[in-house]
>>> print(open('my_file_26.csv').read())   # CSV, C-alpha atoms (C1' of nucleotides)
chain,number,residue,atom,x,y,z
A,572,MET,CA,-3.8,0.2,-1.2
A,573,PRO,CA,-6.2,-2.3,0.0
A,574,GLU,CA,-6.0,-3.8,3.5
A,575,LEU,CA,-7.9,-6.8,4.7
A,576,PRO,CA,-11.4,-5.2,4.6
A,577,GLU,CA,-10.9,-3.9,1.1
A,578,VAL,CA,-9.5,-7.2,-0.2
A,579,GLU,CA,-12.4,-9.0,1.5
A,580,THR,CA,-14.9,-6.7,-0.1
A,581,VAL,CA,-13.4,-7.4,-3.5
A,582,ARG,CA,-13.4,-11.1,-2.8
A,583,ARG,CA,-17.1,-11.1,-1.9
A,584,GLY,CA,-18.0,-9.2,-5.0
A,585,LEU,CA,-15.9,-11.5,-7.3
A,586,ALA,CA,-17.4,-14.6,-5.7
A,587,GLU,CA,-20.9,-13.3,-6.7
A,588,LEU,CA,-19.8,-12.2,-10.2
A,589,ILE,CA,-17.3,-14.7,-11.6
A,590,VAL,CA,-17.7,-18.1,-10.0
A,591,GLY,CA,-18.9,-20.6,-12.7
A,592,LYS,CA,-17.6,-18.4,-15.6
A,593,THR,CA,-15.1,-19.8,-18.1
A,594,ILE,CA,-12.0,-17.8,-19.0
A,595,SER,CA,-11.7,-17.5,-22.8
A,596,ALA,CA,-8.8,-15.1,-23.2
A,597,GLU,CA,-6.1,-13.3,-21.3
A,598,THR,CA,-3.8,-10.3,-22.1
A,599,HIS,CA,-1.2,-8.5,-20.0
A,600,ASP,CA,1.0,-5.5,-20.6
A,601,THR,CA,4.4,-6.7,-19.1
A,602,GLU,CA,5.9,-9.9,-17.6
A,603,LYS,CA,6.6,-8.1,-14.3
A,604,GLY,CA,3.0,-8.2,-13.0
A,605,PHE,CA,2.2,-11.6,-14.5
A,606,PRO,CA,5.3,-13.8,-14.8
A,607,ASN,CA,3.7,-17.0,-16.0
A,608,THR,CA,4.7,-18.3,-19.4
A,609,PRO,CA,2.4,-18.2,-22.4
A,610,ALA,CA,2.4,-22.0,-22.4
A,611,ASP,CA,1.2,-22.1,-18.8
A,612,VAL,CA,-1.5,-19.6,-19.5
A,613,ALA,CA,-2.7,-21.6,-22.6
A,614,VAL,CA,-2.9,-24.8,-20.6
A,615,PHE,CA,-4.1,-23.8,-17.1
A,616,LEU,CA,-5.9,-20.5,-17.6
A,617,ILE,CA,-7.6,-20.4,-21.0
A,618,GLY,CA,-10.7,-22.6,-20.9
A,619,ALA,CA,-10.6,-22.9,-17.1
A,620,GLN,CA,-13.8,-22.4,-15.1
A,621,VAL,CA,-13.7,-20.3,-11.9
A,622,THR,CA,-14.6,-22.6,-9.0
A,623,ALA,CA,-14.1,-20.3,-6.0
A,624,VAL,CA,-12.7,-17.0,-4.8
A,625,ARG,CA,-10.7,-17.0,-1.6
A,626,ARG,CA,-8.6,-14.6,0.5
A,627,ARG,CA,-5.7,-15.1,2.8
A,628,ALA,CA,-4.3,-11.9,4.4
A,629,LYS,CA,-4.3,-9.4,1.5
A,630,VAL,CA,-3.9,-12.0,-1.2
A,631,LEU,CA,-6.8,-13.0,-3.4
A,632,MET,CA,-7.1,-16.5,-4.8
A,633,ILE,CA,-9.2,-17.3,-7.8
A,634,ASP,CA,-9.5,-21.1,-7.9
A,635,LEU,CA,-9.8,-22.7,-11.3
A,636,SER,CA,-11.1,-26.1,-12.6
A,637,THR,CA,-7.5,-26.9,-13.8
A,638,GLU,CA,-6.4,-27.3,-10.2
A,639,HIS,CA,-4.5,-24.1,-10.6
A,640,THR,CA,-5.2,-20.8,-8.8
A,641,LEU,CA,-4.6,-17.2,-9.7
A,642,LEU,CA,-3.0,-15.4,-6.8
A,643,ILE,CA,-3.3,-11.7,-6.8
A,644,HIS,CA,-1.8,-9.0,-4.6
A,645,LEU,CA,-3.2,-5.5,-5.1
A,646,LYS,CA,-0.5,-3.7,-3.1
A,647,MET,CA,-1.1,0.1,-3.0
A,648,THR,CA,-3.2,0.9,-6.1
A,649,GLY,CA,-4.4,-2.4,-7.5
A,650,GLN,CA,-8.1,-2.9,-8.5
A,651,LEU,CA,-9.9,-5.9,-9.8
A,652,VAL,CA,-13.0,-4.7,-11.6
A,653,PHE,CA,-15.6,-6.9,-13.3
A,654,VAL,CA,-17.5,-5.4,-16.3
A,655,SER,CA,-20.3,-7.4,-17.9
A,656,ASP,CA,-20.9,-7.0,-21.6
A,657,ASN,CA,-24.1,-5.1,-20.8
A,658,ASP,CA,-22.2,-2.5,-18.8
A,659,ARG,CA,-20.1,-1.3,-21.6
A,660,PHE,CA,-21.5,2.1,-22.7
A,661,GLY,CA,-18.4,4.0,-23.4
A,662,ALA,CA,-17.3,7.5,-22.5
A,663,GLY,CA,-20.0,10.2,-22.8
A,664,HIS,CA,-22.9,7.8,-22.3
A,665,PRO,CA,-25.4,8.9,-19.5
A,666,ASN,CA,-24.4,5.8,-17.5
A,667,ASP,CA,-20.8,6.4,-18.1
A,668,SER,CA,-18.5,5.9,-15.1
A,669,LEU,CA,-14.9,4.9,-14.6
A,670,ILE,CA,-15.5,1.2,-15.0
A,671,HIS,CA,-17.2,1.7,-18.3
A,672,GLN,CA,-14.1,3.1,-19.9
A,673,LEU,CA,-11.9,0.1,-19.1
A,674,PRO,CA,-9.4,-0.9,-20.1
A,675,ASP,CA,-7.4,2.2,-19.5
A,676,THR,CA,-3.8,3.2,-19.1
A,677,SER,CA,-3.7,1.5,-15.6
A,678,THR,CA,-4.9,-1.8,-16.9
A,679,ARG,CA,-2.2,-4.5,-16.5
A,680,VAL,CA,-4.2,-7.7,-17.1
A,681,THR,CA,-7.5,-8.4,-18.8
A,682,LEU,CA,-9.4,-11.7,-18.4
A,683,THR,CA,-12.2,-12.3,-20.8
A,684,PHE,CA,-15.0,-14.8,-20.0
A,685,SER,CA,-16.9,-16.8,-22.5
A,686,ASP,CA,-20.1,-14.8,-22.0
A,687,GLY,CA,-18.3,-11.6,-23.1
A,688,SER,CA,-17.7,-10.1,-19.7
A,689,HIS,CA,-14.3,-9.0,-18.5
A,690,LEU,CA,-12.2,-8.8,-15.3
A,691,PHE,CA,-9.7,-6.0,-15.4
A,692,PHE,CA,-6.6,-5.9,-13.1
A,693,ASN,CA,-5.7,-2.2,-13.0
A,694,ASP,CA,-2.7,-0.9,-11.1
A,695,GLN,CA,-1.5,2.6,-11.4
A,696,ARG,CA,1.8,2.1,-9.5
A,697,LYS,CA,2.5,-1.4,-10.8
A,698,PHE,CA,3.5,-2.8,-7.4
A,699,GLY,CA,0.8,-5.4,-7.6
A,700,TRP,CA,1.1,-8.8,-9.2
A,701,MET,CA,-0.9,-11.7,-10.4
A,702,ARG,CA,0.4,-15.3,-10.9
A,703,LEU,CA,-0.8,-18.7,-11.7
A,704,LEU,CA,0.1,-21.5,-9.4
A,705,PRO,CA,-0.9,-25.2,-8.9
A,706,THR,CA,-3.6,-24.9,-6.1
A,707,ILE,CA,-1.9,-27.6,-4.1
A,708,GLU,CA,1.4,-25.7,-3.9
A,709,ILE,CA,-0.2,-22.5,-2.3
A,710,PRO,CA,0.4,-23.6,1.3
A,711,ASN,CA,4.1,-24.1,0.5
A,712,ILE,CA,5.0,-20.7,-0.8
A,713,THR,CA,7.1,-18.4,1.4
A,714,PHE,CA,4.3,-15.9,1.9
A,715,MET,CA,1.8,-18.5,3.3
A,716,GLN,CA,4.5,-20.0,5.5
A,717,LYS,CA,5.3,-16.7,7.1
A,718,VAL,CA,2.0,-14.9,7.3
A,719,GLY,CA,0.3,-14.6,10.7
A,720,PRO,CA,-3.2,-15.6,11.6
A,721,GLU,CA,-6.4,-14.0,10.3
A,722,PRO,CA,-7.4,-11.4,12.9
A,723,LEU,CA,-11.2,-12.1,12.4
A,724,ALA,CA,-11.0,-15.9,12.6
A,725,ASN,CA,-13.1,-17.3,15.5
A,726,ASP,CA,-10.1,-19.2,16.9
A,727,PHE,CA,-7.8,-16.1,17.0
A,728,THR,CA,-7.5,-15.3,20.7
A,729,VAL,CA,-6.2,-12.3,22.6
A,730,GLN,CA,-3.6,-14.7,24.1
A,731,GLU,CA,-2.3,-15.5,20.6
A,732,PHE,CA,-2.3,-11.8,19.7
A,733,MET,CA,-0.2,-10.9,22.7
A,734,GLN,CA,2.3,-13.8,22.2
A,735,ARG,CA,2.8,-12.9,18.6
A,736,LEU,CA,3.2,-9.2,19.3
A,737,ALA,CA,5.7,-9.9,22.1
A,738,ARG,CA,8.1,-11.4,19.6
A,739,ARG,CA,8.5,-7.8,18.3
A,740,GLY,CA,9.1,-6.4,21.8
A,741,ARG,CA,11.7,-3.8,21.0
A,742,THR,CA,10.0,-2.1,18.1
A,743,ASN,CA,7.1,0.3,18.2
A,744,ILE,CA,3.5,-1.0,18.3
A,745,LYS,CA,2.6,0.4,14.9
A,746,ALA,CA,5.5,-1.3,13.1
A,747,ALA,CA,4.5,-4.6,14.9
A,748,LEU,CA,0.9,-4.3,13.8
A,749,LEU,CA,2.0,-3.7,10.2
A,750,ASP,CA,4.2,-6.8,10.3
A,751,GLN,CA,2.2,-9.4,8.3
A,752,SER,CA,4.0,-12.2,10.1
A,753,VAL,CA,2.5,-11.0,13.4
A,754,VAL,CA,-1.1,-10.7,12.3
A,755,ALA,CA,-2.4,-10.9,8.7
A,756,GLY,CA,-4.1,-8.0,6.8
A,757,VAL,CA,-3.4,-5.0,9.0
A,758,GLY,CA,-2.3,-1.9,7.0
A,759,ASN,CA,-1.9,1.8,7.6
A,760,ILE,CA,-5.5,2.8,8.0
A,761,TYR,CA,-6.7,0.2,10.4
A,762,ALA,CA,-3.5,0.3,12.4
A,763,ASP,CA,-4.1,4.0,13.1
A,764,GLU,CA,-7.8,3.4,13.8
A,765,ALA,CA,-7.3,0.5,16.2
A,766,LEU,CA,-4.5,2.3,18.1
A,767,TRP,CA,-6.8,5.3,18.5
A,768,GLY,CA,-9.6,3.1,19.7
A,769,ALA,CA,-7.3,1.4,22.3
A,770,LYS,CA,-5.8,4.8,23.3
A,771,ILE,CA,-2.2,3.6,22.5
A,772,HIS,CA,0.4,5.9,21.1
A,773,PRO,CA,1.9,4.3,17.9
A,774,LYS,CA,5.4,4.9,19.0
A,775,ARG,CA,5.0,3.0,22.3
A,776,LEU,CA,7.5,0.1,22.4
A,777,VAL,CA,5.6,-3.2,22.4
A,778,GLN,CA,7.4,-4.3,25.6
A,779,THR,CA,5.9,-1.4,27.5
A,780,ILE,CA,2.3,-2.3,26.6
A,781,THR,CA,0.2,-3.8,29.4
A,782,ASP,CA,-2.1,-6.8,29.1
A,783,GLU,CA,-5.1,-4.5,29.5
A,784,GLU,CA,-3.9,-2.4,26.6
A,785,PHE,CA,-3.2,-5.5,24.4
A,786,THR,CA,-6.7,-6.7,25.2
A,787,ALA,CA,-8.2,-3.4,24.2
A,788,LEU,CA,-6.2,-3.3,21.0
A,789,TYR,CA,-7.3,-6.8,20.1
A,790,HIS,CA,-10.9,-5.9,20.4
A,791,GLU,CA,-10.5,-2.6,18.7
A,792,LEU,CA,-8.7,-4.1,15.7
A,793,ARG,CA,-11.4,-6.7,15.2
A,794,ALA,CA,-14.2,-4.2,15.7
A,795,VAL,CA,-12.7,-1.7,13.2
A,796,MET,CA,-12.1,-4.4,10.6
A,797,ASN,CA,-15.6,-5.8,10.9
A,798,LEU,CA,-17.1,-2.4,10.6
A,799,ALA,CA,-14.9,-1.6,7.6
A,800,ILE,CA,-16.0,-4.8,5.8
A,801,LYS,CA,-19.6,-3.9,6.6
A,802,LYS,CA,-19.0,-0.5,5.0
A,803,GLY,CA,-17.3,-1.9,1.9
A,804,GLY,CA,-13.8,-0.8,2.9
A,805,SER,CA,-12.2,2.7,2.7
A,806,SER,CA,-11.8,4.5,-0.6
A,807,ASN,CA,-9.2,7.0,-1.6
A,808,HIS,CA,-9.0,8.1,-5.2
A,809,THR,CA,-7.9,4.6,-6.4
A,810,TYR,CA,-9.8,2.0,-4.4
A,811,ILE,CA,-13.0,0.6,-5.9
A,812,ASN,CA,-14.5,-2.9,-5.5
A,813,ALA,CA,-15.2,-5.6,-8.1
A,814,GLU,CA,-18.3,-3.7,-9.2
A,815,GLY,CA,-16.5,-0.4,-9.5
A,816,LYS,CA,-18.0,1.0,-6.3
A,817,ARG,CA,-16.4,2.9,-3.5
A,818,GLY,CA,-16.3,2.0,0.1
A,819,SER,CA,-17.6,4.3,2.9
A,820,TYR,CA,-15.5,3.5,5.9
A,821,MET,CA,-13.8,6.8,5.7
A,822,ASP,CA,-17.1,8.4,6.8
A,823,PHE,CA,-16.6,6.6,10.1
A,824,ALA,CA,-12.8,7.0,10.5
A,825,ARG,CA,-11.9,8.5,13.9
A,826,ALA,CA,-8.2,9.3,13.3
A,827,PHE,CA,-7.0,8.2,9.9
A,828,ARG,CA,-6.5,11.2,7.6
A,829,ARG,CA,-8.4,13.4,10.0
A,830,GLU,CA,-5.4,15.7,10.9
A,831,GLY,CA,-6.7,19.1,11.9
A,832,LEU,CA,-10.1,17.8,12.8
A,833,PRO,CA,-11.4,17.2,16.4
A,834,CYS,CA,-10.9,13.9,18.1
A,835,PRO,CA,-14.4,12.3,18.2
A,836,ARG,CA,-13.8,11.3,21.9
A,837,CYS,CA,-12.2,14.4,23.5
A,838,GLY,CA,-12.3,17.2,20.9
A,839,THR,CA,-8.5,17.6,20.8
A,840,THR,CA,-7.1,18.3,17.3
A,841,ILE,CA,-5.9,15.2,15.5
A,842,GLU,CA,-2.2,15.3,14.6
A,843,LYS,CA,-0.2,13.7,11.8
A,844,LEU,CA,3.2,12.3,12.4
A,845,ARG,CA,5.6,9.8,10.9
A,846,VAL,CA,6.0,6.3,12.5
A,847,ALA,CA,7.5,3.2,11.0
A,848,GLY,CA,8.0,5.2,7.8
A,849,ARG,CA,4.3,5.8,7.4
A,850,GLY,CA,2.0,8.8,7.8
A,851,THR,CA,0.4,8.2,11.2
A,852,HIS,CA,-2.6,9.9,12.8
A,853,ILE,CA,-3.2,10.3,16.5
A,854,CYS,CA,-5.1,12.2,19.1
A,855,PRO,CA,-2.3,13.7,21.2
A,856,HIS,CA,-4.6,13.8,24.3
A,857,CYS,CA,-5.9,10.2,24.1
A,858,GLN,CA,-2.7,8.6,22.9
A,859,VAL,CA,0.3,9.6,25.0
A,860,LEU,CA,3.9,8.3,24.8
B,359,DC,C1',19.1,-11.9,14.8
B,360,DA,C1',16.0,-7.8,15.3
B,361,DC,C1',15.0,-3.7,13.4
B,362,DT,C1',15.1,0.3,10.1
B,363,DT,C1',15.5,2.2,5.6
B,364,DG,C1',15.3,2.4,0.6
B,365,DA,C1',13.5,0.8,-3.6
B,366,DC,C1',9.9,-0.5,-6.5
B,367,DC,C1',6.3,3.0,-9.9
B,368,DT,C1',3.0,6.7,-11.3
B,369,DG,C1',0.0,10.4,-10.2
B,370,DT,C1',-1.3,14.2,-7.4
B,371,DC,C1',-0.9,18.0,-4.5
B,372,DC,C1',1.5,21.9,-2.4
B,373,DG,C1',4.8,25.6,-2.2
B,374,DC,C1',7.8,28.6,-4.8
C,692,DT,C1',1.4,27.9,-15.5
C,693,DG,C1',5.5,25.4,-14.5
C,694,DC,C1',8.6,22.8,-11.7
C,695,DG,C1',10.6,20.3,-7.7
C,696,DG,C1',9.7,17.6,-3.9
C,697,DA,C1',7.0,15.0,-0.7
C,698,DC,C1',3.7,11.8,-0.4
C,699,DA,C1',0.3,7.8,-1.3
C,700,DG,C1',-4.1,2.2,2.2
C,701,DG,C1',2.4,-2.6,0.7
C,702,DT,C1',6.2,-5.5,0.8
C,703,DC,C1',10.8,-7.0,-0.2
C,704,DA,C1',16.0,-6.5,-0.1
C,705,DA,C1',19.7,-4.4,1.7
C,706,DG,C1',21.6,-1.9,5.4
C,707,DT,C1',22.9,-1.0,10.5
>>> encode(input="my_file_26.csv", output="structure tokens")
Amino acid sequence: MPELPEVETVRRGLAELIVGKTISAETHDTEKGFPNTPADVAVFLIGAQVTAVRRRAKVLMIDLSTEHTLLIHLKMTGQLVFVSDNDRFGAGHPNDSLIHQLPDTSTRVTLTFSDGSHLFFNDQRKFGWMRLLPTIEIPNITFMQKVGPEPLANDFTVQEFMQRLARRGRTNIKAALLDQSVVAGVGNIYADEALWGAKIHPKRLVQTITDEEFTALYHELRAVMNLAIKKGGSSNHTYINAEGKRGSYMDFARAFRREGLPCPRCGTTIEKLRVAGRGTHICPHCQVL
DNA sequence: CACTTGACCTGTCCGC
DNA sequence: TGCGGACAGGTCAAGT
């Protein structure tokens, strides 16, 4: 589910909510989503204090006082939801909402803090994972070695964007944008939104794209991601942030999931097609092959 | 090597 | 109402 703006929204919420708290217990439903041994959990997780919450690409990192870090990937349907002891009303209460009924059938991991609050890792489709790693080893894992630059970093330039995309010259631009080793954090929503903004058809081969178009795409990608972070991300039926709240970017979407509706720029009906194996939304007038 | 496709899972929606 | 199939905001492994 979550792309860079959603993961960043969760990170900001968690940073406010759990830094300084001490983990007192942990439970998980299967080994698959949390492969660490009970011995590692007992030594490096239980009793640890949360020192920071970081993000790289779509991966969240919860740093602990034990010099270990919890790495978390939410994949398609993962949620990290914090519920304080005071929030727990139970079903039927006037303040009842989905977070107050946790844990539920989608809960894979539960962290309990010493003040009675909880952090729930929910994941309907079970693609997501959480694992404990020595903090110092993070830069050495395959993912960190391969992943591309953060698109919103100050030192990420249009020149670097072009050079990295050029390495995927013979594939289409949408597949190249979704490739995490080219640029970090782009997923299906913001790929479609940025391509609409830059007026580039998603099936265009990278090697046919002009410098002017690359430049437009660079600015559109950064603009759309910055706006999405400001709006708290995009919410479908599964995405909520650390406080259980939905994001509002979809109110501002120009192409994504707007098939059948008019293009906000020219009024032509937005169409849905399939590119790089993903549902893809375009304005057939603004974005031509 | 570069690139594409299928698999991983469960829930939902849509057409018969 | 029930059932089958397609599909869902991501990433790997396996295939061409």
>>> interface_residues(input="my_file_26.csv", of="chain A", to="chain B", cutoff="12 Å", atoms="all atoms listed in the file", output="ChimeraX atom specification")
/A:603,646-648,676-677,694-699,738-743,746-747,750,808-809,846-849
>>> closest_atom_pairs(input="my_file_26.csv", of="chain C", to="chain A", cutoff="12 Å", atoms="all atoms listed in the file", output="CSV")
residue,atom,partner,partner_atom,distance
C:DA697,C1',A:Gly850,CA,11.6
C:DC698,C1',A:Gly850,CA,8.9
C:DA699,C1',A:Met647,CA,8.0
C:DG700,C1',A:Met572,CA,4.0
C:DG701,C1',A:Lys646,CA,4.9
C:DT702,C1',A:Lys646,CA,8.0
C:DC703,C1',A:Phe698,CA,11.1
>>> closest_residue(input="my_file_26.csv", among="A:Met715, A:Arg828, A:Val630, A:Pro576", to="A:Lys802", atoms="all atoms listed in the file")
A:Pro576
>>> atom_distance(input="my_file_26.csv", atom1="atom CA of A:Thr601", atom2="atom CA of A:Arg702")
12.5 Å
>>> atom_distance(input="my_file_26.csv", atom1="atom CA of A:Thr622", atom2="atom CA of A:Asn797")
26.1 Å
>>> axis_aligned_box(input="my_file_26.csv", around="stretch 693-707 of chain C", padding_each_side="8 Å", output="AutoDock Vina command-line options")
--center_x 9.4 --center_y 9.2 --center_z -2.0 --size_x 43.0 --size_y 48.4 --size_z 41.0
>>> atom_distance(input="my_file_26.csv", atom1="atom CA of A:Gly687", atom2="atom CA of A:Thr706")
26.1 Å
>>> residues_near_point(input="my_file_26.csv", point="(-15.1, -4.3, -6.3)", cutoff="7 Å", atoms="all atoms listed in the file", output="list in words")
Thr580, Val581, Gly584, Leu651, Val652, Ile811, Asn812, Ala813, Glu814, Gly815 and Lys816 of chain A
>>> write_last_selection(input="my_file_26.csv", atoms="C-alpha atoms", output="mmCIF file, in the coordinates of the input")
data_model
loop_
_atom_site.group_PDB
_atom_site.id
_atom_site.type_symbol
_atom_site.label_atom_id
_atom_site.label_comp_id
_atom_site.auth_asym_id
_atom_site.auth_seq_id
_atom_site.Cartn_x
_atom_site.Cartn_y
_atom_site.Cartn_z
ATOM 1 C CA THR A 580 -14.900 -6.700 -0.100
ATOM 2 C CA VAL A 581 -13.400 -7.400 -3.500
ATOM 3 C CA GLY A 584 -18.000 -9.200 -5.000
ATOM 4 C CA LEU A 651 -9.900 -5.900 -9.800
ATOM 5 C CA VAL A 652 -13.000 -4.700 -11.600
ATOM 6 C CA ILE A 811 -13.000 0.600 -5.900
ATOM 7 C CA ASN A 812 -14.500 -2.900 -5.500
ATOM 8 C CA ALA A 813 -15.200 -5.600 -8.100
ATOM 9 C CA GLU A 814 -18.300 -3.700 -9.200
ATOM 10 C CA GLY A 815 -16.500 -0.400 -9.500
ATOM 11 C CA LYS A 816 -18.000 1.000 -6.300
#
>>> decode(input="my_file_26.csv", residues="stretch 624-651 of chain A", atoms="C-alpha atoms", output="PDB file, in the first residue's frame")
ATOM      1  CA  VAL A 624      11.922   6.749  14.149  1.00  0.00           C
ATOM      2  CA  ARG A 625      13.514   7.033  10.720  1.00  0.00           C
ATOM      3  CA  ARG A 626      12.530   6.254   7.132  1.00  0.00           C
ATOM      4  CA  ARG A 627      14.491   5.223   4.057  1.00  0.00           C
ATOM      5  CA  ALA A 628      12.483   4.704   0.870  1.00  0.00           C
ATOM      6  CA  LYS A 629       9.346   2.823   2.027  1.00  0.00           C
ATOM      7  CA  VAL A 630      11.086   1.223   5.007  1.00  0.00           C
ATOM      8  CA  LEU A 631      10.473   2.460   8.548  1.00  0.00           C
ATOM      9  CA  MET A 632      13.175   2.135  11.176  1.00  0.00           C
ATOM     10  CA  ILE A 633      12.454   2.253  14.882  1.00  0.00           C
ATOM     11  CA  ASP A 634      15.792   2.777  16.643  1.00  0.00           C
ATOM     12  CA  LEU A 635      16.198   1.249  20.088  1.00  0.00           C
ATOM     13  CA  SER A 636      18.487   1.879  23.049  1.00  0.00           C
ATOM     14  CA  THR A 637      19.905  -1.652  22.590  1.00  0.00           C
ATOM     15  CA  GLU A 638      21.702  -0.500  19.411  1.00  0.00           C
ATOM     16  CA  HIS A 639      19.193  -2.543  17.475  1.00  0.00           C
ATOM     17  CA  THR A 640      16.540  -1.274  15.074  1.00  0.00           C
ATOM     18  CA  LEU A 641      13.136  -2.589  14.077  1.00  0.00           C
ATOM     19  CA  LEU A 642      12.885  -2.435  10.289  1.00  0.00           C
ATOM     20  CA  ILE A 643       9.339  -2.467   8.939  1.00  0.00           C
ATOM     21  CA  HIS A 644       7.961  -2.709   5.418  1.00  0.00           C
ATOM     22  CA  LEU A 645       4.210  -2.170   5.119  1.00  0.00           C
ATOM     23  CA  LYS A 646       4.010  -3.452   1.507  1.00  0.00           C
ATOM     24  CA  MET A 647       0.414  -3.246   0.199  1.00  0.00           C
ATOM     25  CA  THR A 648      -1.851  -3.322   3.249  1.00  0.00           C
ATOM     26  CA  GLY A 649       0.362  -2.819   6.295  1.00  0.00           C
ATOM     27  CA  GLN A 650      -0.566  -0.401   9.068  1.00  0.00           C
ATOM     28  CA  LEU A 651       1.307   0.718  12.163  1.00  0.00           C
TER      29      LEU A 651
END
